[in-house]
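Trainee: Below you'll find run_19.pdb; it's PDB, C-alpha atoms.
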ATOM      1  CA  GLY N   1     163.404  61.856 -17.379
ATOM      2  CA  GLU N   2     166.130  61.627 -19.929
ATOM      3  CA  LEU N   3     168.543  64.107 -21.431
ATOM      4  CA  LEU N   4     169.690  64.066 -25.044
ATOM      5  CA  CYS N   5     173.412  64.854 -24.892
ATOM      6  CA  ALA N   6     173.917  66.185 -28.424
ATOM      7  CA  MET N   7     173.903  69.499 -26.589
ATOM      8  CA  PRO N   8     175.447  70.381 -23.233
ATOM      9  CA  PRO N   9     173.361  69.639 -20.144
ATOM     10  CA  PRO N  10     171.120  72.415 -18.796
ATOM     11  CA  VAL N  11     172.667  75.198 -16.736
ATOM     12  CA  GLY N  12     173.252  74.088 -13.155
ATOM     13  CA  THR N  13     173.556  70.399 -14.009
ATOM     14  CA  VAL N  14     176.447  68.083 -14.818
ATOM     15  CA  HIS N  15     176.706  64.899 -16.896
ATOM     16  CA  LEU N  16     178.285  62.008 -14.971
ATOM     17  CA  ALA N  17     179.434  59.177 -17.239
ATOM     18  CA  GLY N  18     181.937  56.352 -17.115
ATOM     19  CA  SER N  19     180.707  54.419 -14.092
ATOM     20  CA  PRO N  20     177.724  52.076 -13.871
ATOM     21  CA  CYS N  21     177.417  53.015 -10.178
ATOM     22  CA  TYR N  22     176.300  56.632 -10.676
ATOM     23  CA  GLN N  23     172.611  55.799 -11.053
ATOM     24  CA  PRO N  24     172.452  53.485  -7.998
ATOM     25  CA  ALA N  25     174.397  56.095  -6.007
ATOM     26  CA  ALA N  26     171.956  58.889  -6.905
ATOM     27  CA  ARG N  27     169.027  56.592  -6.128
ATOM     28  CA  LYS N  28     170.549  55.634  -2.761
ATOM     29  CA  LEU N  29     171.036  59.311  -1.867
ATOM     30  CA  HIS N  30     167.429  60.100  -2.931
ATOM     31  CA  LEU N  31     168.619  62.762  -5.398
ATOM     32  CA  GLU N  32     166.906  63.897  -8.561
ATOM     33  CA  TYR N  33     168.672  62.656 -11.681
ATOM     34  CA  ALA N  34     167.976  61.865 -15.320
ATOM     35  CA  ALA N  35     169.398  59.198 -17.600
ATOM     36  CA  ALA N  36     171.713  60.747 -20.211
ATOM     37  CA  VAL N  37     170.745  59.627 -23.719
ATOM     38  CA  VAL N  38     173.828  60.227 -25.856
ATOM     39  CA  ASP N  39     172.824  58.530 -29.115
ATOM     40  CA  PHE N  40     170.314  56.313 -30.861
ATOM     41  CA  GLU N  41     171.054  53.021 -32.581
ATOM     42  CA  TRP N  42     169.066  50.551 -34.629
ATOM     43  CA  ARG N  43     168.448  47.099 -33.134
ATOM     44  CA  ASP N  44     166.104  44.578 -34.696
ATOM     45  CA  GLY N  45     164.558  47.287 -36.871
ATOM     46  CA  ARG N  46     163.836  49.574 -33.911
ATOM     47  CA  CYS N  47     165.458  52.808 -32.877
ATOM     48  CA  VAL N  48     166.837  52.342 -29.349
ATOM     49  CA  PRO N  49     168.357  55.079 -27.140
ATOM     50  CA  VAL N  50     171.957  54.688 -25.949
ATOM     51  CA  VAL N  51     172.217  55.768 -22.295
ATOM     52  CA  ASP N  52     175.606  56.796 -20.896
ATOM     53  CA  GLY N  53     175.526  57.938 -17.282
ATOM     54  CA  ILE N  54     173.209  60.401 -15.576
ATOM     55  CA  VAL N  55     172.643  64.137 -15.229
ATOM     56  CA  VAL N  56     172.444  65.604 -11.714
ATOM     57  CA  HIS N  57     172.343  69.066 -10.182
ATOM     58  CA  ARG N  58     175.847  70.529  -9.899
ATOM     59  CA  PRO N  59     175.744  70.823  -6.054
ATOM     60  CA  ASP N  60     175.014  67.068  -5.831
ATOM     61  CA  GLU N  61     177.910  66.040  -8.114
ATOM     62  CA  THR N  62     180.470  65.432  -5.368
ATOM     63  CA  ALA N  63     178.073  63.435  -3.203
ATOM     64  CA  VAL N  64     177.127  61.195  -6.152
ATOM     65  CA  ARG N  65     180.785  60.668  -7.137
ATOM     66  CA  VAL N  66     181.789  59.769  -3.559
ATOM     67  CA  GLU N  67     178.851  57.382  -3.138
ATOM     68  CA  ALA N  68     179.519  55.788  -6.542
ATOM     69  CA  GLN N  69     183.144  55.238  -5.566
ATOM     70  CA  ALA N  70     182.024  53.643  -2.299
ATOM     71  CA  LEU N  71     179.623  51.366  -4.211
ATOM     72  CA  GLU N  72     182.398  50.379  -6.641
ATOM     73  CA  MET N  73     184.733  49.572  -3.754
ATOM     74  CA  ALA N  74     182.044  47.501  -2.045
ATOM     75  CA  LYS N  75     181.362  45.640  -5.293
ATOM     76  CA  ALA N  76     185.094  44.949  -5.754
ATOM     77  CA  ALA N  77     185.399  43.731  -2.163
ATOM     78  CA  ALA N  78     182.427  41.417  -2.680
ATOM     79  CA  LEU N  79     184.031  39.976  -5.823
ATOM     80  CA  VAL N  80     187.310  39.377  -3.978
ATOM     81  CA  GLU N  81     185.469  37.657  -1.136
ATOM     82  CA  LYS N  82     183.484  35.519  -3.593
ATOM     83  CA  HIS N  83     186.723  34.495  -5.327
ATOM     84  CA  ARG N  84     188.332  33.715  -1.959
ATOM     85  CA  GLN N  85     185.372  31.504  -1.030
ATOM     86  CA  ARG N  86     185.616  29.614  -4.350
ATOM     87  CA  VAL N  87     189.345  29.040  -3.841
ATOM     88  CA  LEU N  88     188.706  27.792  -0.309
ATOM     89  CA  GLU N  89     185.975  25.415  -1.519
ATOM     90  CA  ARG N  90     188.327  24.010  -4.169
ATOM     91  CA  TRP N  91     191.080  23.469  -1.597
ATOM     92  CA  VAL N  92     188.616  21.641   0.657
ATOM     93  CA  LEU N  93     187.611  19.380  -2.256
ATOM     94  CA  LEU N  94     191.254  18.709  -3.087
ATOM     95  CA  VAL N  95     192.169  17.822   0.502
ATOM     96  CA  LYS N  96     189.102  15.577   0.878
ATOM     97  CA  GLY N  97     190.022  13.827  -2.363
ATOM     98  CA  ILE N  98     193.589  13.263  -1.171
ATOM     99  CA  VAL N  99     192.374  11.914   2.177
ATOM    100  CA  ILE N 100     189.944   9.526   0.479
ATOM    101  CA  ARG N 101     192.652   8.406  -1.977
ATOM    102  CA  ASN N 102     195.123   7.765   0.822
ATOM    103  CA  ARG N 103     192.502   5.853   2.812
ATOM    104  CA  LEU N 104     191.693   3.659  -0.208
ATOM    105  CA  LEU N 105     195.379   3.035  -0.929
ATOM    106  CA  SER N 106     196.085   2.099   2.708
ATOM    107  CA  GLU N 107     193.187  -0.397   2.731
ATOM    108  CA  GLN N 108     194.679  -2.402  -0.128
TER     109      GLN N 108
END
Give the structure from this file in structure tokens form.
Mentor:
Amino acid sequence: GELLCAMPPPVGTVHLAGSPCYQPAARKLHLEYAAAVVDFEWRDGRCVPVVDGIVVHRPDETAVRVEAQALEMAKAAALVEKHRQRVLERWVLLVKGIVIRNRLLSEQ
């Protein structure tokens, strides 16, 4: 389900916005949630909903926030590791190139 946020969310629920990890966190925790439709915009002649976050039951808010933060940290760690691997691969290519260049220069 979806919630139109021109009005406050229903009693007993809370709107969580600002992080793309809220929906995966709620899904991972097997909690009930709804996408929060905050506006509509026109694209290619069609009216398309603008979704910003999710709506969950108030007792589940803390669990979703903690899990979303853990997912964000894991995503950041994965990006750092990916960057580290790329840097390492580039260093390996550079060293191999220098070794090959030195070998060719010593053969002459």
Trainee: Leaving out stretch 50-54 of chain N and any residue of its chain fewer than 4 positions from it, which residues lie within 10 Å of it when counting all atoms listed in the file, given as a list in words?
Mentor: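 The contact residues come out as Glu2, Leu3, Leu4, Cys5, Val14, His15, Leu16, Ala17, Gly18, Ser19, Pro20, Cys21, Tyr22, Gln23, Ala26, Tyr33, Ala34, Ala35, Ala36, Val37, Val38, Asp39, Phe40 and Glu41 of chain N.
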Trainee: Which of these residues is nearest to N:Pro8, using only C-alpha atoms: N:Met73, N:Lys28, N:Arg86, N:Val55?
Mentor: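 Under the stated criterion, the closest residue is N:Val55.
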Trainee: Would you list the contacts of N:Val64 as a VMD selection string, taking every protein, DNA or RNA residue within 10 Å and counting all atoms listed in the file, but skipping same-chain residues closer than 2 positions in sequence?
Mentor: chain N and resid 16 21 to 29 31 56 59 to 62 66 to 70
Trainee: Can you work out the spacing between atom CA of N:Pro10 and atom CA of N:Arg65 in Å, to one decimal?
Mentor: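 According to the coordinates, atom CA of N:Pro10 and atom CA of N:Arg65 are separated by 19.2 Å.
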Trainee: Any idea what the distance is between atom CA of N:Ala77 and atom CA of N:Leu94?
Mentor: 25.7 Å
Trainee: Do you have the atom CA of N:Val11-atom CA of N:His30 distance handy?
Mentor: 21.1 Å
